[in-house]
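Novice: Dropping a structure here in structure tokens format, bear with me for questions.
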Amino acid sequence: MNHVNKSLYLLLGCVLSVNLLTITAAQGTYSQAVEYEDFKEPPRQYWGHAWFTFQLAGLTDDAVKAMVKSAVDSNAYGGYMITPDSGVGFGMQRRGTAANTGPKATYLDDEFFRLYKVTIEEGLKHDLPMDILYDELQFPTGMAGGLFSKAYPDDVQKSLEKVEKDVSGPVEVELIMPEKNSLYIGTTMMNLDTLECVDISDKVSRNGFAFKGKIPQGDWKVMLFYLDTSLRRGVCDYLSEKAVAGLIDVMYDKYYENLKEYFGTMIKQTFFDEPSMHNSVSGRLWTPGYNEGFQKKYGYSPMKYYPALWYDIGKDTIAARNVLYGYRTELYTENFIGQLAKWCEDHGVALSGHMDQEEAPNPVGTLGDLMKIFKHEQIPTIDDIWFTGRSNTSYKVVTSAAFNYDRPVIQAETYAAYQRQWQTAEAAWRTAMDQHAMGINQQVGWRPKAGESPEIGQFIGRMEYLLRGGRHVADIAVLYPIAALQAKYKFAQPVGVEPAKGGPSRGVDAGFYFALEGGILTPENDYMDMGEMLFRGLRIDYTYLHPEVLQDNCIIEGRNLIINNKVNREAFRVLLLPGCETISVKTAEKIKEFYLAGGTVIATTVLPKYSAEFNKDKEVQKIIGDIFGIPEYGPMKAAIRAYTDDFKTYFAYRNEAGGKSYFLPRPDPTMVTDVLNEALPVRDVNIQLAPMWPVKMNMQYDGALTYIHKVKDEKDIYFFVNSTNQPIKTNIILRGNKSLALWNPHTGDRSKLETNVTNTGTEPVTKVPLALEPLKSVFYIQE
């Protein structure tokens with residue numbers, strides 16, 4: 001297709017064989033088939049995407065053509081996207097940029113789009129399409145390069161703030177909110193002895209910015225809540241349907257008006273960058289319509305419960321935080337991501353893009369609910385930034401969200417701003433292998449120069465050809481503990497961090513620091529630790545399961561818990577509850593239903609005892625006691641199992657249907673292995689190696705042996721990765737009678753794999769050898 005004209009290229013974009021590609025706005029582009037010839041020579045759309053930065057000040061035609069040439073000459077990419085930059089700001093993806101001496105373009109003006117078209121046409125001459133459209137002038141998405149706040153100044157982000165006084169009644173109290181950039185929300189008082197909260201918004205009188213009210217007998221904290229409406233960075237209010245519609249008007253519609261001929265043909269997806277709930281507003285993102293929308297949805301005003309966002313308000317604290325933070329996430333999910341996704345679907349493309357700071361163990365202050373926010377996004381995306389291993393704990397959250405919501409294409413912005421010691425070929429290969437074993441199947445970003453080659457481009461093409469689409473297979477579902485995370489989060493500043501300082505070596509606002517670090521973390525929030533123990537430590541794959549998906553889209557067949565999706569219909573034999581004191585009654589009831597049907601449930605660190613709903617703690621305690629044989633009140637029924645050498649114990653319980661439950665107060669690899677050997681004697685994949693423990697984290701990470709199993713085109717696809725610097729030689733036991741071939745993603749070669757099938761008495765298993773040199777991987781494909 002060399003030098004093919006634009007019209008023919010765009011036509012071909014629409015008529016590619018349905019046996020090879022499915023092109024739908026709702027799903028992205030991926031192969032439906034598993035064909036060796038396409039694996040050996042993968043189509044270019046699977047090779048990953050280069051990333052150009054347009055420094056707009058003085059950008060020339062020669063400069064943009066040079067960018068295209070740099071990607072074409074590398075022979076390592078299948079497409080690209082462009083990030084516009086003012087020419088002064090920080091451009092993290094710059095490469096191949098010539099001197100800027102031309103007329104100055106500005107974001108979304110005529111010269112801007114002329115340069116885009118020059119770049120597009122130059123790319124098409126060399127079969128390099130701009131198939132991803134980046135939306136913003138750098139980041140975060142929501143500013144439209146400053147155009148949004150000019151067009152819609154009242155619809156920028158706002159933060160929830162308060163002024164308060166402690167008083168002894170009866171007394172009249174006066175509270176004054178700032179005179180500038182303030183929007184009154186309401187007033188609540190909290191009894192300092194009983195923690196009773198009372199909404200007195202309709203009982204206070206207002207005179208300008210001063211509010212007066214009469215306080216009854218007792219000691220009270222009186223709180224006036226308002227929104228800070230200052231422009232900050234001029235970012236769109238993601239919680240407001242009206243504001244996001246305005247963002248679409250000034251940004252997305254302008255792209256379509258000027259590039260419509262490429263939408264749905266060459267341009268397959270858009271890309272948003274680093275929106276969050278903490279940027280500019282220190283994690284307290286709020287919106288003027290919050291109370292009205294809440295009242296309409298739940299039938300009561302939330303004002304009474306606002307103090308829980310900062311303080312313990314007694315027995316209602318946990319439920320109040322869950323409903324308040326939960327509704328905020330719903331607004332973000334529906335009004336921002338959902339509205340963009342609908343626009344994309346209507347314009348023939350898919351929505352992609354990543355949030356900011358996905359690694360926070362408690363994302364409530366930064367992103368809300370890191371799984372639910374991907375509910376509508378057609379191509380869920382994660383950011384792999386700064387160094388290899390930084391995002392390890394969050395990759396599985398994002399890829400699991402895609403599996404939960406049946407999204408076949410899962411993207412990673414990769415190698416962004418990698419620091420000098422990770423600008424190596426070793427880092428390029430390690431990151432690529434690791435991320436695809438964790439579920440990624442589309443890579444975006446310049447690779448480190450030392451690791452940029454046709455070989456790695458083709459390697460990524462082979463991985464992505466096989467791993468896009470299909471059904472993920474894992475025995476274990478890990479409940480995503482969002483109710484417990486919301487229950488612990490509050491807007492108050494962290495102890496020992498002064499508002500002006502932000503934390504050790506950080507020149508940022510304390511609220512930003514607090515949101516970034518994940519809010520109030522407690523020892524029982526072990527879901528990321530358990531995820532690392534399973535995936536890298538014990539080499540067992542799993543899927544995080546969102547509680548709403550568990551409740552509303554999971555069915556029980558036999559002893560299996562199944563996500564009732566059309567394509568990714570995962571079937572789990574074990575449900576693991578990571579440490580969480582709080583759970584919803586509906587979630588607890590579904591878990592009990594699975595257990596009573598003969599399923600296996602494992603809990604770690606602490607058992608749930610609080611309800612995410614108001615006044616339902618005892619219901620949760622009753623259900624959890626029935627499952628684990630450890631009632632909150634009454635004699636214990638579970639058996640105690642002890643390790644005599646280190647005095648550790650765990651608890652086991654059974655029911656007549658064969659259901660098993662285990663509670664591990666202090667889980668370690670030995671204990672988890674013993675429990676899984678009993679509960680799951682025949683695993684989907686069992687790698688015959690001792691656990692790797694402890695798992696190295698962050699900058700100390702130097703690779704692991706991991707895998708992913710998918711089924712596509714009615715074929716089993718096993719992908720094994722050795723991203724360490726040591727050779728590995730072992731055996732693997734696979735559940736079922738398997739006839740397999742070895743497909744090498746590094747060379748494209750194929751060979752027969754020797755297998756040994758035996759019967760365990762309950763299910764057949766297949767034993768296969770595995771030998772991998774350092775930084776090598778392999779596919780085992782069903783014949």
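Here, A, B, ... name the chains of the structure tokens in the order displayed, residue numbers run from 1 inside each chain, and ligands are numbered from 1 in the same displayed order.
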Residues within 8 Å of A:Asp131, please, as a VMD selection string. Count only C-alpha atoms; anything in the same chain fewer than 4 positions from it doesn't count.

Specialist: chain A and resid 79 to 81 266 to 269

Novice: Can you check which parts of stretch 265-355 of chain A lie within 7 Å of stretch 229-252 of chain A? Per residue, the shortest pair of atoms and distance in Å to one decimal, counting only C-alpha atoms, sorted by chain and number, as a tab-separated table.

Specialist:
```
residue	atom	partner	partner_atom	distance
A:Ser280	CA	A:Arg232	CA	6.1
A:Thr287	CA	A:Leu239	CA	6.1
A:Leu331	CA	A:Leu239	CA	5.0
A:Tyr332	CA	A:Leu239	CA	4.9
A:Asn335	CA	A:Glu241	CA	4.7
A:Phe336	CA	A:Tyr238	CA	5.2
```

Novice: Quick one: contact table of stretch 516-552 of chain A to stretch 571-577 of chain A, 10 Å max, nearest atom pair and distance in Å to one decimal per residue, counting only C-alpha atoms, chain and number order, as a tab-separated table?

Specialist:
```
residue	atom	partner	partner_atom	distance
A:Asp526	CA	A:Leu577	CA	9.9
A:Tyr527	CA	A:Leu577	CA	8.3
A:Met530	CA	A:Leu576	CA	9.4
A:Tyr542	CA	A:Phe572	CA	9.0
A:Thr543	CA	A:Phe572	CA	9.0
A:Tyr544	CA	A:Leu576	CA	9.3
A:Leu545	CA	A:Leu575	CA	8.9
```

Novice: What is the atom CA of A:Ile624-atom CA of A:Glu589 distance in Å, reported with one decimal?

Specialist: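 Separation between atom CA of A:Ile624 and atom CA of A:Glu589: 9.0 Å.
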
Novice: Apply DSSP to the backbone of this structure and, from stretch 132-192 of chain A, keep only the residues in strand (DSSP E); write these as number ranges by chain.

Specialist: A: 132-134, 158-176, 182-191

Novice: Write out as a ChimeraX atom specification the residues lying within 12 Å of stretch 475-477 of chain A, counting only C-alpha atoms and excluding same-chain residues fewer than 5 positions away.

Specialist: /A:396-397,400,403-404,527,530-531,534-535,540-547,549-550,554,559-563,570-578,591,599-603,676,679-686,708-709,735

Novice: Could you check the closest approach to A:Ile482 for each of A:Asn525, A:Asn553, A:Gln442, A:Asn565 and tell me which residue wins, using only C-alpha atoms?

Specialist: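 For A:Ile482, the nearest of the given residues is A:Asn525.
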
Novice: What is the distance between atom CA of A:Glu455 and atom CA of A:Ala76, in Å to one decimal?

Specialist: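 Here the two named atoms are 7.4 Å from each other.
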
Novice: Got a sec to tell me which of stretch 354-599 of chain A DSSP assigns to helix (DSSP H, G or I), as a short mmCIF file (atom, residue, chain, number, x, y, z; two decimals) with N, CA, C and O atoms, in the first residue's frame?

Specialist:
```cif
data_model
loop_
_atom_site.label_atom_id
_atom_site.label_comp_id
_atom_site.auth_asym_id
_atom_site.auth_seq_id
_atom_site.Cartn_x
_atom_site.Cartn_y
_atom_site.Cartn_z
N LYS A 372 -14.86 1.73 38.35
CA LYS A 372 -16.15 2.18 37.81
C LYS A 372 -16.00 3.29 36.79
O LYS A 372 -16.81 3.40 35.85
N ILE A 373 -14.98 4.14 36.94
CA ILE A 373 -14.83 5.25 36.01
C ILE A 373 -14.56 4.79 34.58
O ILE A 373 -14.69 5.58 33.64
N PHE A 374 -14.20 3.51 34.40
CA PHE A 374 -13.99 2.97 33.04
C PHE A 374 -15.24 2.31 32.47
O PHE A 374 -15.18 1.70 31.40
N ASN A 392 3.01 -1.15 38.56
CA ASN A 392 2.67 -2.58 38.66
C ASN A 392 1.40 -2.84 39.45
O ASN A 392 0.58 -3.69 39.09
N THR A 393 1.22 -2.14 40.57
CA THR A 393 0.08 -2.44 41.43
C THR A 393 -1.25 -1.96 40.85
O THR A 393 -2.31 -2.45 41.26
N SER A 394 -1.21 -1.03 39.91
CA SER A 394 -2.46 -0.50 39.37
C SER A 394 -2.82 -1.07 38.01
O SER A 394 -3.98 -0.95 37.57
N TYR A 395 -1.87 -1.66 37.31
CA TYR A 395 -2.17 -2.25 36.01
C TYR A 395 -3.36 -3.20 36.08
O TYR A 395 -4.29 -3.15 35.27
N LYS A 396 -3.34 -4.09 37.09
CA LYS A 396 -4.39 -5.10 37.16
C LYS A 396 -5.75 -4.49 37.50
O LYS A 396 -6.79 -5.06 37.16
N VAL A 397 -5.77 -3.34 38.17
CA VAL A 397 -7.05 -2.68 38.43
C VAL A 397 -7.66 -2.20 37.11
O VAL A 397 -8.85 -2.42 36.83
N VAL A 398 -6.83 -1.58 36.27
CA VAL A 398 -7.33 -1.03 35.00
C VAL A 398 -7.69 -2.15 34.03
O VAL A 398 -8.76 -2.11 33.40
N THR A 399 -6.82 -3.14 33.89
CA THR A 399 -7.14 -4.23 32.96
C THR A 399 -8.34 -5.03 33.46
O THR A 399 -9.16 -5.49 32.65
N SER A 400 -8.48 -5.17 34.77
CA SER A 400 -9.65 -5.86 35.31
C SER A 400 -10.93 -5.09 35.02
O SER A 400 -11.98 -5.69 34.76
N ALA A 401 -10.86 -3.76 35.09
CA ALA A 401 -12.02 -2.96 34.73
C ALA A 401 -12.45 -3.26 33.30
O ALA A 401 -13.65 -3.40 33.01
N ALA A 402 -11.48 -3.37 32.40
CA ALA A 402 -11.80 -3.72 31.01
C ALA A 402 -12.45 -5.10 30.94
O ALA A 402 -13.42 -5.30 30.20
N PHE A 403 -11.93 -6.06 31.70
CA PHE A 403 -12.53 -7.39 31.70
C PHE A 403 -13.94 -7.35 32.30
O PHE A 403 -14.86 -8.01 31.81
N ASN A 404 -14.13 -6.56 33.35
CA ASN A 404 -15.45 -6.44 33.97
C ASN A 404 -16.48 -5.88 32.99
O ASN A 404 -17.63 -6.35 32.95
N ARG A 420 16.56 8.63 33.22
CA ARG A 420 17.73 8.24 32.45
C ARG A 420 18.09 6.76 32.60
O ARG A 420 18.36 6.07 31.61
N GLN A 421 18.05 6.24 33.85
CA GLN A 421 18.49 4.85 34.04
C GLN A 421 17.52 3.84 33.45
O GLN A 421 17.83 2.65 33.36
N TRP A 422 16.32 4.31 33.06
CA TRP A 422 15.36 3.41 32.41
C TRP A 422 15.24 3.68 30.91
O TRP A 422 14.41 3.09 30.24
N ALA A 425 17.38 -0.41 26.39
CA ALA A 425 16.70 -1.49 25.68
C ALA A 425 16.11 -2.49 26.68
O ALA A 425 15.01 -3.01 26.48
N GLU A 426 16.83 -2.76 27.76
CA GLU A 426 16.34 -3.70 28.77
C GLU A 426 15.01 -3.23 29.34
O GLU A 426 14.06 -4.01 29.47
N ALA A 427 14.92 -1.94 29.66
CA ALA A 427 13.66 -1.40 30.21
C ALA A 427 12.55 -1.46 29.17
O ALA A 427 11.39 -1.74 29.51
N ALA A 428 12.88 -1.19 27.91
CA ALA A 428 11.86 -1.22 26.86
C ALA A 428 11.26 -2.61 26.73
O ALA A 428 10.03 -2.77 26.66
N TRP A 429 12.10 -3.63 26.72
CA TRP A 429 11.62 -5.00 26.57
C TRP A 429 10.89 -5.47 27.84
O TRP A 429 9.82 -6.09 27.77
N ARG A 430 11.45 -5.17 29.01
CA ARG A 430 10.84 -5.62 30.27
C ARG A 430 9.43 -5.03 30.43
O ARG A 430 8.47 -5.73 30.76
N THR A 431 9.33 -3.72 30.18
CA THR A 431 8.03 -3.08 30.34
C THR A 431 7.01 -3.64 29.36
O THR A 431 5.86 -3.92 29.74
N ALA A 432 7.41 -3.82 28.11
CA ALA A 432 6.48 -4.32 27.10
C ALA A 432 5.98 -5.72 27.45
O ALA A 432 4.77 -6.00 27.38
N MET A 433 6.88 -6.60 27.85
CA MET A 433 6.45 -7.96 28.20
C MET A 433 5.55 -7.96 29.43
O MET A 433 4.50 -8.61 29.45
N ASP A 434 5.99 -7.25 30.46
CA ASP A 434 5.22 -7.23 31.70
C ASP A 434 3.81 -6.72 31.49
O ASP A 434 2.83 -7.30 31.97
N GLN A 435 3.67 -5.59 30.78
CA GLN A 435 2.36 -4.98 30.66
C GLN A 435 1.40 -5.85 29.86
O GLN A 435 0.20 -5.91 30.14
N HIS A 436 1.91 -6.58 28.89
CA HIS A 436 1.02 -7.46 28.12
C HIS A 436 0.62 -8.69 28.93
O HIS A 436 -0.51 -9.19 28.79
N ALA A 437 1.49 -9.16 29.80
CA ALA A 437 1.11 -10.25 30.70
C ALA A 437 0.06 -9.79 31.70
O ALA A 437 -0.73 -10.61 32.21
N LYS A 449 15.16 5.24 23.10
CA LYS A 449 15.90 5.21 21.84
C LYS A 449 16.77 3.96 21.72
O LYS A 449 16.86 3.36 20.64
N ALA A 450 17.34 3.55 22.84
CA ALA A 450 18.22 2.37 22.80
C ALA A 450 17.44 1.09 22.52
O ALA A 450 18.02 0.08 22.11
N GLY A 451 16.13 1.11 22.76
CA GLY A 451 15.32 -0.08 22.55
C GLY A 451 14.37 0.04 21.38
O GLY A 451 13.46 -0.76 21.23
N PRO A 454 13.01 -2.33 14.64
CA PRO A 454 11.97 -3.12 13.99
C PRO A 454 11.64 -4.39 14.76
O PRO A 454 10.49 -4.84 14.76
N GLU A 455 12.65 -4.94 15.44
CA GLU A 455 12.44 -6.19 16.18
C GLU A 455 11.43 -6.01 17.31
O GLU A 455 10.52 -6.84 17.48
N ILE A 456 11.55 -4.92 18.08
CA ILE A 456 10.60 -4.74 19.18
C ILE A 456 9.24 -4.32 18.64
O ILE A 456 8.20 -4.69 19.19
N GLY A 457 9.22 -3.59 17.52
CA GLY A 457 7.94 -3.25 16.91
C GLY A 457 7.19 -4.49 16.46
O GLY A 457 5.98 -4.65 16.71
N GLN A 458 7.90 -5.40 15.83
CA GLN A 458 7.28 -6.64 15.37
C GLN A 458 6.89 -7.53 16.55
O GLN A 458 5.85 -8.19 16.54
N PHE A 459 7.74 -7.54 17.58
CA PHE A 459 7.43 -8.30 18.80
C PHE A 459 6.12 -7.81 19.43
O PHE A 459 5.25 -8.61 19.79
N ILE A 460 6.00 -6.49 19.56
CA ILE A 460 4.76 -5.94 20.12
C ILE A 460 3.59 -6.25 19.20
O ILE A 460 2.48 -6.58 19.66
N GLY A 461 3.80 -6.20 17.90
CA GLY A 461 2.75 -6.55 16.95
C GLY A 461 2.25 -7.97 17.13
O GLY A 461 1.04 -8.24 17.07
N ARG A 462 3.17 -8.90 17.37
CA ARG A 462 2.76 -10.30 17.56
C ARG A 462 1.98 -10.47 18.86
O ARG A 462 0.98 -11.21 18.90
N MET A 463 2.45 -9.81 19.94
CA MET A 463 1.71 -9.90 21.20
C MET A 463 0.30 -9.35 21.05
O MET A 463 -0.68 -9.97 21.48
N GLU A 464 0.21 -8.18 20.43
CA GLU A 464 -1.09 -7.51 20.39
C GLU A 464 -2.04 -8.17 19.42
O GLU A 464 -3.27 -8.18 19.64
N TYR A 465 -1.52 -8.78 18.37
CA TYR A 465 -2.38 -9.53 17.45
C TYR A 465 -3.09 -10.66 18.20
O TYR A 465 -4.30 -10.88 18.02
N LEU A 466 -2.38 -11.35 19.06
CA LEU A 466 -2.97 -12.48 19.78
C LEU A 466 -3.78 -12.06 20.99
O LEU A 466 -4.77 -12.70 21.34
N LEU A 467 -3.37 -10.99 21.67
CA LEU A 467 -3.95 -10.68 22.98
C LEU A 467 -5.11 -9.69 22.94
O LEU A 467 -5.82 -9.55 23.94
N ILE A 482 -13.90 -1.08 47.15
CA ILE A 482 -14.15 0.35 47.06
C ILE A 482 -14.97 0.85 48.25
O ILE A 482 -14.77 1.98 48.72
N ALA A 483 -15.90 0.04 48.78
CA ALA A 483 -16.69 0.49 49.93
C ALA A 483 -15.80 0.75 51.14
O ALA A 483 -15.99 1.72 51.87
N ALA A 484 -14.82 -0.11 51.36
CA ALA A 484 -13.89 0.08 52.48
C ALA A 484 -12.99 1.28 52.25
O ALA A 484 -12.66 2.01 53.19
N LEU A 485 -12.58 1.51 51.02
CA LEU A 485 -11.72 2.65 50.71
C LEU A 485 -12.48 3.97 50.89
O LEU A 485 -11.94 4.94 51.42
N GLN A 486 -13.72 4.00 50.45
CA GLN A 486 -14.54 5.20 50.64
C GLN A 486 -14.81 5.45 52.12
O GLN A 486 -14.84 6.59 52.58
N ALA A 487 -15.01 4.37 52.87
CA ALA A 487 -15.30 4.51 54.30
C ALA A 487 -14.15 5.15 55.06
O ALA A 487 -14.36 5.85 56.06
N LYS A 488 -12.92 4.96 54.59
CA LYS A 488 -11.74 5.47 55.30
C LYS A 488 -11.31 6.85 54.84
O LYS A 488 -10.53 7.53 55.52
N ALA A 510 -0.87 20.79 50.70
CA ALA A 510 -1.04 19.59 51.51
C ALA A 510 -2.22 18.74 51.05
O ALA A 510 -2.17 17.52 51.09
N GLY A 511 -3.28 19.40 50.61
CA GLY A 511 -4.43 18.65 50.14
C GLY A 511 -4.09 17.82 48.91
O GLY A 511 -4.52 16.68 48.77
N PHE A 512 -3.28 18.39 48.01
CA PHE A 512 -2.84 17.64 46.83
C PHE A 512 -2.00 16.45 47.27
O PHE A 512 -2.18 15.33 46.79
N TYR A 513 -1.08 16.70 48.18
CA TYR A 513 -0.23 15.61 48.69
C TYR A 513 -1.08 14.51 49.30
O TYR A 513 -0.88 13.33 49.07
N PHE A 514 -2.06 14.92 50.06
CA PHE A 514 -2.93 13.98 50.75
C PHE A 514 -3.70 13.13 49.74
O PHE A 514 -3.78 11.90 49.84
N ALA A 515 -4.28 13.79 48.73
CA ALA A 515 -5.03 13.06 47.71
C ALA A 515 -4.11 12.12 46.93
O ALA A 515 -4.45 10.97 46.67
N LEU A 516 -2.92 12.61 46.59
CA LEU A 516 -1.99 11.82 45.80
C LEU A 516 -1.53 10.58 46.54
O LEU A 516 -1.40 9.50 45.97
N TYR A 527 -5.43 -4.91 49.38
CA TYR A 527 -5.80 -5.50 48.09
C TYR A 527 -4.66 -5.44 47.08
O TYR A 527 -4.46 -6.38 46.30
N MET A 528 -3.89 -4.36 47.07
CA MET A 528 -2.76 -4.29 46.14
C MET A 528 -1.64 -5.24 46.56
O MET A 528 -0.98 -5.86 45.72
N ASP A 529 -1.42 -5.36 47.87
CA ASP A 529 -0.41 -6.31 48.36
C ASP A 529 -0.80 -7.74 48.00
O ASP A 529 0.04 -8.54 47.58
N MET A 530 -2.09 -8.08 48.19
CA MET A 530 -2.54 -9.42 47.84
C MET A 530 -2.45 -9.64 46.34
O MET A 530 -2.11 -10.74 45.87
N GLY A 531 -2.72 -8.59 45.56
CA GLY A 531 -2.59 -8.72 44.12
C GLY A 531 -1.17 -9.03 43.70
O GLY A 531 -0.92 -9.90 42.85
N GLU A 532 -0.19 -8.36 44.31
CA GLU A 532 1.21 -8.63 43.99
C GLU A 532 1.63 -10.02 44.48
O GLU A 532 2.40 -10.70 43.82
N MET A 533 1.14 -10.41 45.66
CA MET A 533 1.47 -11.75 46.16
C MET A 533 0.97 -12.82 45.20
O MET A 533 1.71 -13.77 44.87
N LEU A 534 -0.25 -12.66 44.72
CA LEU A 534 -0.80 -13.65 43.79
C LEU A 534 -0.08 -13.61 42.45
O LEU A 534 0.43 -14.64 41.98
N PHE A 535 -0.01 -12.45 41.83
CA PHE A 535 0.41 -12.37 40.44
C PHE A 535 1.90 -12.58 40.25
O PHE A 535 2.34 -13.37 39.41
N ARG A 536 2.71 -11.86 41.01
CA ARG A 536 4.16 -11.99 40.85
C ARG A 536 4.78 -12.95 41.86
O ARG A 536 5.73 -13.65 41.55
N GLY A 537 4.23 -12.95 43.10
CA GLY A 537 4.81 -13.81 44.12
C GLY A 537 4.51 -15.28 43.91
O GLY A 537 5.42 -16.12 43.86
N PRO A 547 -17.68 -4.58 42.97
CA PRO A 547 -18.87 -5.07 43.69
C PRO A 547 -20.17 -4.87 42.93
O PRO A 547 -21.08 -5.71 43.04
N GLU A 548 -20.29 -3.80 42.15
CA GLU A 548 -21.53 -3.61 41.39
C GLU A 548 -21.64 -4.62 40.26
O GLU A 548 -22.74 -5.07 39.92
N VAL A 549 -20.52 -4.99 39.66
CA VAL A 549 -20.53 -6.03 38.64
C VAL A 549 -20.87 -7.37 39.28
O VAL A 549 -21.64 -8.16 38.72
N LEU A 550 -20.30 -7.64 40.44
CA LEU A 550 -20.63 -8.86 41.18
C LEU A 550 -22.13 -8.93 41.45
O LEU A 550 -22.78 -9.96 41.23
N GLN A 551 -22.71 -7.85 41.91
CA GLN A 551 -24.12 -7.83 42.27
C GLN A 551 -25.03 -7.93 41.05
O GLN A 551 -26.02 -8.66 41.07
N ASP A 552 -24.70 -7.17 40.01
CA ASP A 552 -25.66 -6.97 38.92
C ASP A 552 -25.36 -7.76 37.65
O ASP A 552 -26.26 -7.92 36.81
N ASN A 553 -24.13 -8.24 37.49
CA ASN A 553 -23.80 -8.91 36.23
C ASN A 553 -23.04 -10.20 36.42
O ASN A 553 -22.33 -10.65 35.52
N VAL A 585 -24.55 -4.62 51.73
CA VAL A 585 -25.38 -5.80 52.01
C VAL A 585 -25.59 -6.62 50.75
O VAL A 585 -25.52 -7.85 50.77
N LYS A 586 -25.83 -5.94 49.62
CA LYS A 586 -26.04 -6.66 48.36
C LYS A 586 -24.81 -7.46 47.96
O LYS A 586 -24.92 -8.59 47.48
N THR A 587 -23.64 -6.90 48.17
CA THR A 587 -22.40 -7.62 47.88
C THR A 587 -22.28 -8.83 48.79
O THR A 587 -21.95 -9.94 48.34
N ALA A 588 -22.51 -8.64 50.07
CA ALA A 588 -22.42 -9.74 51.03
C ALA A 588 -23.41 -10.85 50.68
O ALA A 588 -23.08 -12.05 50.76
N GLU A 589 -24.61 -10.49 50.29
CA GLU A 589 -25.61 -11.49 49.92
C GLU A 589 -25.18 -12.30 48.70
O GLU A 589 -25.39 -13.52 48.65
N LYS A 590 -24.57 -11.65 47.72
CA LYS A 590 -24.11 -12.36 46.52
C LYS A 590 -22.97 -13.31 46.87
O LYS A 590 -22.90 -14.43 46.34
N ILE A 591 -22.07 -12.86 47.73
CA ILE A 591 -20.97 -13.74 48.16
C ILE A 591 -21.53 -14.97 48.87
O ILE A 591 -21.08 -16.10 48.64
N LYS A 592 -22.52 -14.76 49.73
CA LYS A 592 -23.13 -15.89 50.44
C LYS A 592 -23.82 -16.85 49.46
O LYS A 592 -23.73 -18.08 49.62
N GLU A 593 -24.47 -16.30 48.46
CA GLU A 593 -25.11 -17.14 47.45
C GLU A 593 -24.09 -18.03 46.75
O GLU A 593 -24.33 -19.23 46.53
N PHE A 594 -22.95 -17.47 46.41
CA PHE A 594 -21.87 -18.24 45.79
C PHE A 594 -21.36 -19.32 46.73
O PHE A 594 -21.18 -20.48 46.34
N TYR A 595 -21.15 -18.97 47.98
CA TYR A 595 -20.66 -19.92 48.98
C TYR A 595 -21.65 -21.07 49.18
O TYR A 595 -21.27 -22.25 49.21
N LEU A 596 -22.93 -20.76 49.28
CA LEU A 596 -23.94 -21.80 49.50
C LEU A 596 -24.12 -22.71 48.28
O LEU A 596 -24.61 -23.84 48.41
#
```

Novice: Atom CA of A:Lys696 to atom CA of A:Gly389: how many Å, to one decimal?

Specialist: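 Answer for the atom CA of A:Lys696 to atom CA of A:Gly389 separation: 9.0 Å.
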
Novice: Give me, as number ranges by chain, all polymer residues having an atom no more than 10 Å from A:Tyr633, counting only C-alpha atoms and skipping those fewer than 5 positions away in the same chain.

Specialist: A: 621-622, 625
